[in-house]
file entry16.cif (mmCIF, C-alpha atoms)
data_structure
loop_
_atom_site.label_atom_id
_atom_site.label_comp_id
_atom_site.auth_asym_id
_atom_site.auth_seq_id
_atom_site.Cartn_x
_atom_site.Cartn_y
_atom_site.Cartn_z
CA MET A 113 0.00 0.00 0.00
CA GLY A 114 3.04 2.25 0.09
CA GLU A 115 2.59 5.45 2.04
CA GLU A 116 -1.13 5.71 1.27
CA LYS A 117 -3.17 5.93 4.46
CA ILE A 118 -5.51 3.09 5.38
CA ARG A 119 -9.11 4.31 5.40
CA PHE A 120 -11.34 3.60 8.40
CA GLY A 121 -15.09 3.69 8.90
CA ILE A 122 -16.77 3.89 12.32
CA ILE A 123 -20.03 2.01 12.87
CA GLY A 124 -21.93 3.41 15.86
CA CYS A 125 -21.41 7.07 16.80
CA GLY A 126 -22.02 6.92 20.57
CA ILE A 127 -19.67 7.87 23.41
CA ILE A 128 -16.82 5.45 22.64
CA SER A 129 -16.70 6.38 18.94
CA LYS A 130 -14.96 9.63 19.99
CA ALA A 131 -11.98 7.63 21.30
CA HIS A 132 -11.64 5.92 17.90
CA ALA A 133 -12.09 9.14 15.95
CA SER A 134 -9.59 10.97 18.16
CA ALA A 135 -7.04 8.15 17.79
CA LEU A 136 -7.44 8.22 14.01
CA ALA A 137 -7.04 12.01 13.98
CA GLU A 138 -3.57 11.44 15.49
CA SER A 139 -2.78 8.36 13.40
CA LYS A 140 0.31 8.20 11.20
CA GLY A 141 -0.99 5.42 8.95
CA GLY A 142 -4.78 5.69 9.11
CA ILE A 143 -7.50 8.19 8.31
CA LEU A 144 -11.18 8.36 9.29
CA TYR A 145 -13.01 8.24 5.95
CA SER A 146 -16.61 7.43 6.92
CA VAL A 147 -19.03 7.15 9.84
CA CYS A 148 -22.32 5.31 10.28
CA ASP A 149 -25.19 5.44 12.76
CA ILE A 150 -28.88 4.56 12.48
CA ILE A 151 -29.52 8.02 13.96
CA GLU A 152 -28.30 10.25 11.13
CA GLU A 153 -27.83 13.33 13.37
CA LYS A 154 -25.29 11.46 15.52
CA ALA A 155 -23.34 10.35 12.43
CA LYS A 156 -23.37 13.86 10.98
CA GLU A 157 -22.24 15.39 14.26
CA LEU A 158 -19.22 13.05 14.47
CA ALA A 159 -18.47 13.60 10.77
CA GLU A 160 -18.52 17.37 11.21
CA GLN A 161 -16.31 17.25 14.30
CA TYR A 162 -13.62 15.16 12.57
CA ASN A 163 -14.00 16.42 8.99
CA VAL A 164 -15.22 13.06 7.67
CA GLU A 165 -16.02 12.59 4.00
CA LYS A 166 -18.86 10.00 4.00
CA VAL A 167 -21.89 9.50 6.26
CA TYR A 168 -24.02 6.36 6.31
CA THR A 169 -27.11 5.23 8.24
CA ASP A 170 -26.86 1.57 7.11
CA TYR A 171 -23.65 -0.27 7.97
CA ASN A 172 -24.20 -2.74 5.10
CA GLU A 173 -23.94 0.17 2.66
CA MET A 174 -20.68 1.24 4.30
CA LEU A 175 -19.33 -2.30 3.93
CA GLN A 176 -19.99 -2.11 0.16
CA ASP A 177 -17.86 1.03 -0.13
CA PRO A 178 -14.58 0.00 -1.81
CA ASN A 179 -12.81 2.98 -0.20
CA VAL A 180 -13.28 1.55 3.32
CA ASP A 181 -10.38 -0.70 4.36
CA VAL A 182 -11.15 -1.12 8.10
CA VAL A 183 -14.29 -0.74 10.21
CA CYS A 184 -14.35 0.20 13.91
CA ILE A 185 -17.37 -1.43 15.52
CA CYS A 186 -18.62 0.82 18.33
CA THR A 187 -22.23 -0.38 18.58
CA PRO A 188 -24.00 -2.04 21.55
CA SER A 189 -22.15 -5.21 22.57
CA GLY A 190 -24.85 -7.66 21.48
CA LEU A 191 -24.62 -6.38 17.87
CA HIS A 192 -20.86 -6.87 17.50
CA GLY A 193 -21.09 -10.43 16.18
CA GLU A 194 -23.33 -9.86 13.19
CA MET A 195 -21.33 -6.76 12.22
CA CYS A 196 -17.93 -8.47 12.59
CA ILE A 197 -19.11 -11.37 10.44
CA ALA A 198 -20.59 -9.04 7.78
CA ALA A 199 -17.36 -7.01 7.73
CA ALA A 200 -15.22 -10.13 7.33
CA LYS A 201 -17.39 -11.33 4.44
CA ALA A 202 -17.03 -7.90 2.83
CA GLY A 203 -13.23 -8.14 3.11
CA LYS A 204 -12.92 -5.33 5.65
CA HIS A 205 -10.41 -5.50 8.50
CA ILE A 206 -11.97 -4.98 11.93
CA VAL A 207 -11.41 -3.04 15.15
CA CYS A 208 -14.00 -4.26 17.66
CA GLU A 209 -14.86 -2.59 20.94
CA LYS A 210 -15.04 -4.70 24.08
CA PRO A 211 -16.54 -7.14 24.77
CA MET A 212 -16.02 -8.91 21.44
CA GLU A 213 -19.51 -10.39 21.89
CA ILE A 214 -21.68 -11.29 24.88
CA THR A 215 -21.91 -15.10 24.60
CA GLU A 216 -19.41 -17.87 23.91
CA GLU A 217 -21.47 -19.00 20.90
CA LYS A 218 -21.42 -15.57 19.26
CA ASN A 219 -17.68 -15.27 19.89
CA GLU A 220 -17.08 -18.64 18.21
CA ALA A 221 -19.11 -17.48 15.19
CA ILE A 222 -16.82 -14.44 14.89
CA LEU A 223 -13.75 -16.66 15.11
CA GLU A 224 -15.07 -18.91 12.34
CA ALA A 225 -15.56 -15.88 10.07
CA ILE A 226 -12.06 -14.54 10.77
CA ARG A 227 -10.57 -17.97 9.96
CA LYS A 228 -12.60 -18.18 6.75
CA TYR A 229 -11.97 -14.71 5.33
CA PRO A 230 -8.51 -13.10 4.95
CA VAL A 231 -9.01 -10.12 7.27
CA LYS A 232 -7.27 -8.92 10.45
CA MET A 233 -9.20 -8.19 13.63
CA GLN A 234 -8.10 -6.16 16.64
CA CYS A 235 -10.05 -6.36 19.91
CA ILE A 236 -10.07 -3.22 22.05
CA PHE A 237 -8.68 -3.89 25.52
CA GLN A 238 -6.65 -0.71 25.93
CA ARG A 239 -5.47 -1.54 29.46
CA ARG A 240 -3.08 -4.03 27.85
CA THR A 241 -1.10 -1.05 26.55
CA MET A 242 -0.28 0.12 30.11
CA ASN A 243 3.45 -0.10 30.83
CA ALA A 244 2.85 -1.54 34.31
CA ALA A 245 0.66 -4.32 32.88
CA ILE A 246 3.15 -5.21 30.14
CA GLU A 247 6.03 -5.35 32.62
CA THR A 248 3.98 -7.34 35.16
CA ARG A 249 3.13 -9.98 32.55
CA LYS A 250 6.79 -10.20 31.53
CA LEU A 251 8.01 -10.65 35.12
CA ILE A 252 5.40 -13.35 35.78
CA GLN A 253 6.34 -15.17 32.57
CA GLU A 254 10.00 -15.06 33.60
CA GLY A 255 9.09 -16.58 36.98
CA ARG A 256 10.48 -13.64 38.92
CA LEU A 257 7.48 -13.48 41.26
CA GLY A 258 7.67 -17.23 41.82
CA LYS A 259 4.42 -19.09 42.28
CA ILE A 260 1.41 -16.74 42.09
CA VAL A 261 -0.54 -17.07 45.33
CA LEU A 262 -3.04 -14.20 44.97
CA ALA A 263 -3.95 -12.28 41.81
CA CYS A 264 -6.83 -9.84 42.20
CA ALA A 265 -8.67 -7.08 40.33
CA TYR A 266 -10.74 -4.34 41.96
CA LEU A 267 -12.99 -2.72 39.37
CA LYS A 268 -15.07 -0.13 41.21
CA TYR A 269 -16.82 2.20 38.81
CA TYR A 270 -19.64 4.67 39.32
CA ARG A 271 -22.50 4.92 36.84
CA ASP A 272 -25.70 6.58 38.02
CA GLN A 273 -29.25 5.68 36.98
CA ALA A 274 -29.21 8.44 34.36
CA TYR A 275 -26.33 6.66 32.61
CA TYR A 276 -28.39 3.49 32.25
CA ASP A 277 -31.49 5.44 31.23
CA SER A 278 -29.57 7.37 28.54
CA ALA A 279 -29.56 4.45 26.07
CA GLY A 280 -32.12 1.66 25.88
CA TRP A 281 -29.53 -1.10 25.42
CA ARG A 282 -27.56 -0.35 28.60
CA GLY A 283 -28.13 -2.63 31.56
CA THR A 284 -29.91 -5.29 29.46
CA TRP A 285 -29.03 -8.96 28.97
CA GLU A 286 -29.99 -8.82 25.30
CA LEU A 287 -27.60 -6.08 24.14
CA ASP A 288 -25.27 -5.30 27.08
CA GLY A 289 -24.81 -8.98 27.95
CA GLY A 290 -24.57 -8.17 31.65
CA GLY A 291 -23.84 -5.23 33.90
CA ALA A 292 -20.84 -3.94 35.82
CA LEU A 293 -18.63 -6.88 34.81
CA MET A 294 -19.54 -7.29 31.13
CA ASN A 295 -19.56 -3.58 30.29
CA GLN A 296 -17.06 -1.76 32.53
CA GLY A 297 -15.23 -4.57 34.34
CA VAL A 298 -14.45 -6.62 31.22
CA HIS A 299 -11.28 -4.53 30.75
CA GLY A 300 -9.91 -5.51 34.16
CA VAL A 301 -11.04 -9.14 33.85
CA ASP A 302 -9.18 -9.40 30.55
CA LEU A 303 -6.08 -7.72 31.94
CA LEU A 304 -5.88 -9.91 35.04
CA ALA A 305 -6.14 -13.12 33.01
CA TRP A 306 -3.63 -11.83 30.43
CA MET A 307 -1.04 -10.77 33.02
CA VAL A 308 -1.17 -13.96 35.09
CA GLY A 309 -1.16 -16.15 31.98
CA GLU A 310 -2.58 -19.20 33.79
CA LYS A 311 -5.89 -20.86 33.10
CA ILE A 312 -8.68 -20.25 35.60
CA THR A 313 -10.00 -23.65 36.61
CA SER A 314 -13.04 -22.58 38.66
CA VAL A 315 -14.99 -19.64 40.06
CA PHE A 316 -17.49 -19.07 42.87
CA ALA A 317 -19.40 -15.81 42.77
CA ARG A 318 -22.11 -13.52 44.03
CA ALA A 319 -23.73 -10.98 41.70
CA GLY A 320 -26.78 -8.82 42.26
CA THR A 321 -28.65 -5.63 41.46
CA LEU A 322 -28.18 -3.64 44.66
CA ALA A 323 -28.62 0.02 43.75
CA ARG A 324 -29.76 0.53 40.15
CA ASP A 325 -33.04 -0.15 38.37
CA ILE A 326 -31.64 -2.47 35.69
CA ASP A 327 -32.06 -6.12 34.66
CA VAL A 328 -28.40 -7.05 35.16
CA GLU A 329 -25.90 -6.93 38.03
CA ASP A 330 -24.50 -3.66 39.35
CA THR A 331 -22.31 -5.34 42.01
CA SER A 332 -20.37 -8.62 41.97
CA VAL A 333 -17.60 -10.51 43.76
CA ALA A 334 -15.86 -13.64 42.51
CA LEU A 335 -13.31 -16.06 43.96
CA LEU A 336 -11.01 -17.58 41.33
CA GLN A 337 -8.88 -20.71 41.37
CA TRP A 338 -5.80 -20.41 39.18
CA GLU A 339 -4.37 -23.51 37.53
CA GLY A 340 -1.05 -23.02 39.36
CA GLY A 341 -2.81 -23.36 42.73
CA GLY A 342 -3.18 -19.69 43.66
CA TYR A 343 -6.38 -17.80 44.33
CA GLY A 344 -7.85 -14.61 42.93
CA VAL A 345 -10.60 -12.11 43.64
CA ILE A 346 -12.54 -9.94 41.20
CA GLU A 347 -14.76 -7.16 42.55
CA GLY A 348 -16.80 -5.43 39.86
CA THR A 349 -19.36 -2.71 40.45
CA THR A 350 -20.91 0.48 39.09
CA THR A 351 -22.36 1.45 42.49
CA VAL A 352 -19.27 2.86 44.23
CA TYR A 353 -19.34 6.67 44.48
CA PRO A 354 -17.37 8.50 43.19
CA GLY A 355 -15.75 5.65 41.24
CA LEU A 356 -12.32 4.44 42.31
CA ASP A 357 -9.00 3.86 40.60
CA THR A 358 -9.03 0.45 38.92
CA ARG A 359 -6.50 -1.59 40.88
CA PHE A 360 -4.58 -4.84 40.40
CA GLU A 361 -2.77 -6.71 43.17
CA ILE A 362 -0.47 -9.59 42.22
CA HIS A 363 1.27 -11.50 45.02
CA GLY A 364 3.82 -14.21 44.32
CA GLU A 365 6.16 -16.12 46.62
CA LYS A 366 8.93 -13.70 45.64
CA GLY A 367 7.18 -10.35 45.53
CA THR A 368 4.20 -8.04 45.21
CA ILE A 369 3.01 -5.79 42.41
CA ILE A 370 0.17 -3.33 42.99
CA PHE A 371 -0.83 -0.77 40.36
CA GLY A 372 -3.84 1.08 39.02
CA ASP A 373 -4.83 3.72 36.53
CA GLN A 374 -2.83 6.33 38.43
CA GLY A 375 0.38 4.32 38.46
CA VAL A 376 2.39 1.84 40.53
CA GLU A 377 1.73 1.64 44.29
CA MET A 378 4.04 -1.26 45.13
CA TRP A 379 6.82 -3.00 43.19
CA LYS A 380 8.66 -5.08 45.81
CA PHE A 381 10.67 -8.26 45.23
CA LEU A 382 12.33 -10.55 47.76
CA ASP A 383 15.81 -10.80 46.27
CA GLU A 384 16.03 -8.24 43.43
CA GLU A 385 14.93 -4.76 42.45
CA PRO A 386 13.50 -4.73 38.91
CA PRO A 387 13.19 -1.14 37.62
CA LEU A 388 9.79 0.51 37.87
CA PRO A 389 7.87 0.67 34.59
CA ALA A 390 7.66 4.05 32.89
CA GLU A 391 4.64 6.09 33.88
CA GLY A 392 1.94 6.36 31.23
CA GLU A 393 -1.15 8.46 30.74
CA SER A 394 -4.16 7.49 32.91
CA LEU A 395 -6.86 5.75 30.86
CA GLY A 396 -9.64 7.26 33.04
CA GLY A 397 -13.36 6.54 32.96
CA ALA A 398 -13.92 5.42 36.58
CA SER A 399 -16.81 7.82 37.10
CA ASP A 400 -17.42 9.22 33.61
CA PRO A 401 -17.28 7.21 30.35
CA LYS A 402 -16.69 10.46 28.44
CA ALA A 403 -13.36 10.81 30.28
CA ILE A 404 -11.78 7.69 28.73
CA SER A 405 -8.43 8.58 27.16
CA SER A 406 -7.81 7.68 23.50
CA ILE A 407 -4.12 6.81 23.99
CA GLY A 408 -4.80 3.06 24.28
CA HIS A 409 -7.05 3.15 21.21
CA TYR A 410 -4.31 4.97 19.31
CA ILE A 411 -1.74 2.27 20.14
CA LEU A 412 -4.09 -0.57 19.15
CA ILE A 413 -5.23 1.11 15.92
CA GLU A 414 -1.63 1.83 14.88
CA ASP A 415 -0.78 -1.80 15.69
CA LEU A 416 -3.59 -3.03 13.41
CA ILE A 417 -2.35 -0.78 10.60
CA ASP A 418 1.12 -2.29 10.99
CA ALA A 419 -0.37 -5.81 11.16
CA ILE A 420 -2.15 -5.22 7.83
CA LYS A 421 1.02 -3.91 6.17
CA GLU A 422 3.23 -6.64 7.65
CA ASP A 423 0.63 -9.43 7.25
CA ARG A 424 0.84 -10.53 10.90
CA GLU A 425 -1.53 -11.05 13.81
CA PRO A 426 -2.57 -7.85 15.61
CA MET A 427 -1.76 -7.33 19.31
CA ILE A 428 -5.17 -8.58 20.56
CA PRO A 429 -6.63 -11.07 18.06
CA PRO A 430 -10.18 -12.45 18.47
CA GLU A 431 -8.94 -15.71 19.98
CA GLU A 432 -7.86 -13.62 23.00
CA GLY A 433 -10.97 -11.44 22.89
CA LYS A 434 -13.18 -14.33 23.96
CA VAL A 435 -11.36 -15.15 27.23
CA ALA A 436 -12.84 -12.44 29.47
CA VAL A 437 -16.37 -13.09 28.23
CA ALA A 438 -16.13 -16.82 29.03
CA LEU A 439 -14.94 -16.00 32.57
CA ILE A 440 -17.66 -13.38 33.14
CA ARG A 441 -20.32 -15.79 31.88
CA GLY A 442 -18.95 -18.35 34.35
CA ILE A 443 -19.25 -15.80 37.16
CA TYR A 444 -22.87 -15.11 36.21
CA ARG A 445 -23.61 -18.84 36.11
CA SER A 446 -22.04 -19.39 39.52
CA ALA A 447 -24.03 -16.53 41.06
CA LYS A 448 -27.29 -17.72 39.50
CA GLU A 449 -26.84 -21.38 40.48
CA ASN A 450 -25.18 -20.61 43.83
CA LYS A 451 -22.36 -23.07 43.22
CA GLU A 452 -18.75 -23.29 42.05
CA VAL A 453 -18.43 -23.37 38.26
CA TYR A 454 -15.57 -25.33 36.68
CA PHE A 455 -13.97 -24.47 33.37
#
call {"tool": "encode", "arguments": {"input": "entry16.cif", "output": "structure tokens"}}
result
Amino acid sequence: MGEEKIRFGIIGCGIISKAHASALAESKGGILYSVCDIIEEKAKELAEQYNVEKVYTDYNEMLQDPNVDVVCICTPSGLHGEMCIAAAKAGKHIVCEKPMEITEEKNEAILEAIRKYPVKMQCIFQRRTMNAAIETRKLIQEGRLGKIVLACAYLKYYRDQAYYDSAGWRGTWELDGGGALMNQGVHGVDLLAWMVGEKITSVFARAGTLARDIDVEDTSVALLQWEGGGYGVIEGTTTVYPGLDTRFEIHGEKGTIIFGDQGVEMWKFLDEEPPLPAEGESLGGASDPKAISSIGHYILIEDLIDAIKEDREPMIPPEEGKVAVALIRGIYRSAKENKEVYF
């Protein structure tokens, strides 16, 4: 493709589309060429803000546009699957917002399409771009924490009732796929599993609707069993005012790592002193989804552009995108059936 920029289209012009548009505005190798939303005013507003050439109200029409190379899917979670599959069939590369889909079956259908058609797909889990997370995973892989005994994620967001009332799909099983864990907490669930790198063999959980008028959970706690013998805890909620720093605590026989969105709190090892990871920009969004930084999206979009040019797998391929959803679904099953669920 030489130096010609890769042309992107955004499907779904809600809150998170701004992070994609902003990342593409900064992109070296990509350009935002078109936007699409079933509400034309929303599409036109985004197009005007980012000087976009083409506006669509039907994503199938966008997929027929030969000038579109990649689509960013920013629609409600329960629509991701059909759009990913349609994009793959149309020969468009894909950037898909989290969660990839809301059931294991729908995720497998996406994977089948990506195997069948020669397109690249990047899943958006921008926390994986955090320096502390990358370095933590590396140190665990190198065995420098020893056996992992506790690996926990504390995902305490705040979303008021007005947030859920602002869009009909939010807080529903059909399109949101769940509540605090599937929408907000999925980032932290993915990151914890990715950093530790061990399979989770079982989970026992509680999940309930304690403060909001929604169909799905707004508060949950889960006890994990890691394959290596250690334990883990996930706390996920949208009921904690004012919304707290997302926090990860990893304890091994040889040390402790604690970090969150605001940086590293503890980096202590028994018999060595690995250097602290470089500080990065906070990803934000604990109390306001509009405050989510676009830096992680920028890194992942640039990586997909490079993956297309170099014909390689992107940083977060769909095979990895399904992991967090399977775990969250297991947590929901455990809470519903009041028993330990084995994977």
call {"tool": "atom_distance", "arguments": {"input": "entry16.cif", "atom1": "atom CA of Ile413 of chain A", "atom2": "atom CA of Ala438 of chain A"}}
result
24.7 Å
call {"tool": "resolve_selection", "arguments": {"input": "entry16.cif", "expression": "the PyMOL selection byres ((chain A and resi 188) around 7)", "output": "PyMOL selection string"}}
result
chain A and resi 186-187+189-191+281+287-288
call {"tool": "atom_distance", "arguments": {"input": "entry16.cif", "atom1": "atom CA of Leu412 of chain A", "atom2": "atom CA of Lys268 of chain A"}}
result
24.6 Å
call {"tool": "closest_residue", "arguments": {"input": "entry16.cif", "among": "A:Cys235, A:Ala279, A:Ala334, A:Leu388", "to": "Glu431 of chain A", "atoms": "all atoms listed in the file"}}
result
A:Cys235
call {"tool": "closest_residue", "arguments": {"input": "entry16.cif", "among": "A:Val261, A:Ile185, A:Ile440, A:Ala305", "to": "His363 of chain A", "atoms": "all atoms listed in the file"}}
result
A:Val261
call {"tool": "closest_residue", "arguments": {"input": "entry16.cif", "among": "A:Asn450, A:Gln176, A:Gln273, A:Gln337", "to": "Asp325 of chain A", "atoms": "all atoms listed in the file"}}
result
A:Gln273
call {"tool": "resolve_selection", "arguments": {"input": "entry16.cif", "expression": "the PyMOL selection byres ((chain A and resi 150) around 7)", "output": "PDB file with C-alpha atoms, in the coordinates of the input"}}
result
ATOM      1  CA  CYS A 148     -22.320   5.310  10.280  1.00  0.00           C
ATOM      2  CA  ASP A 149     -25.190   5.440  12.760  1.00  0.00           C
ATOM      3  CA  ILE A 151     -29.520   8.020  13.960  1.00  0.00           C
ATOM      4  CA  GLU A 152     -28.300  10.250  11.130  1.00  0.00           C
ATOM      5  CA  THR A 169     -27.110   5.230   8.240  1.00  0.00           C
ATOM      6  CA  ASP A 170     -26.860   1.570   7.110  1.00  0.00           C
TER       7      ASP A 170
END
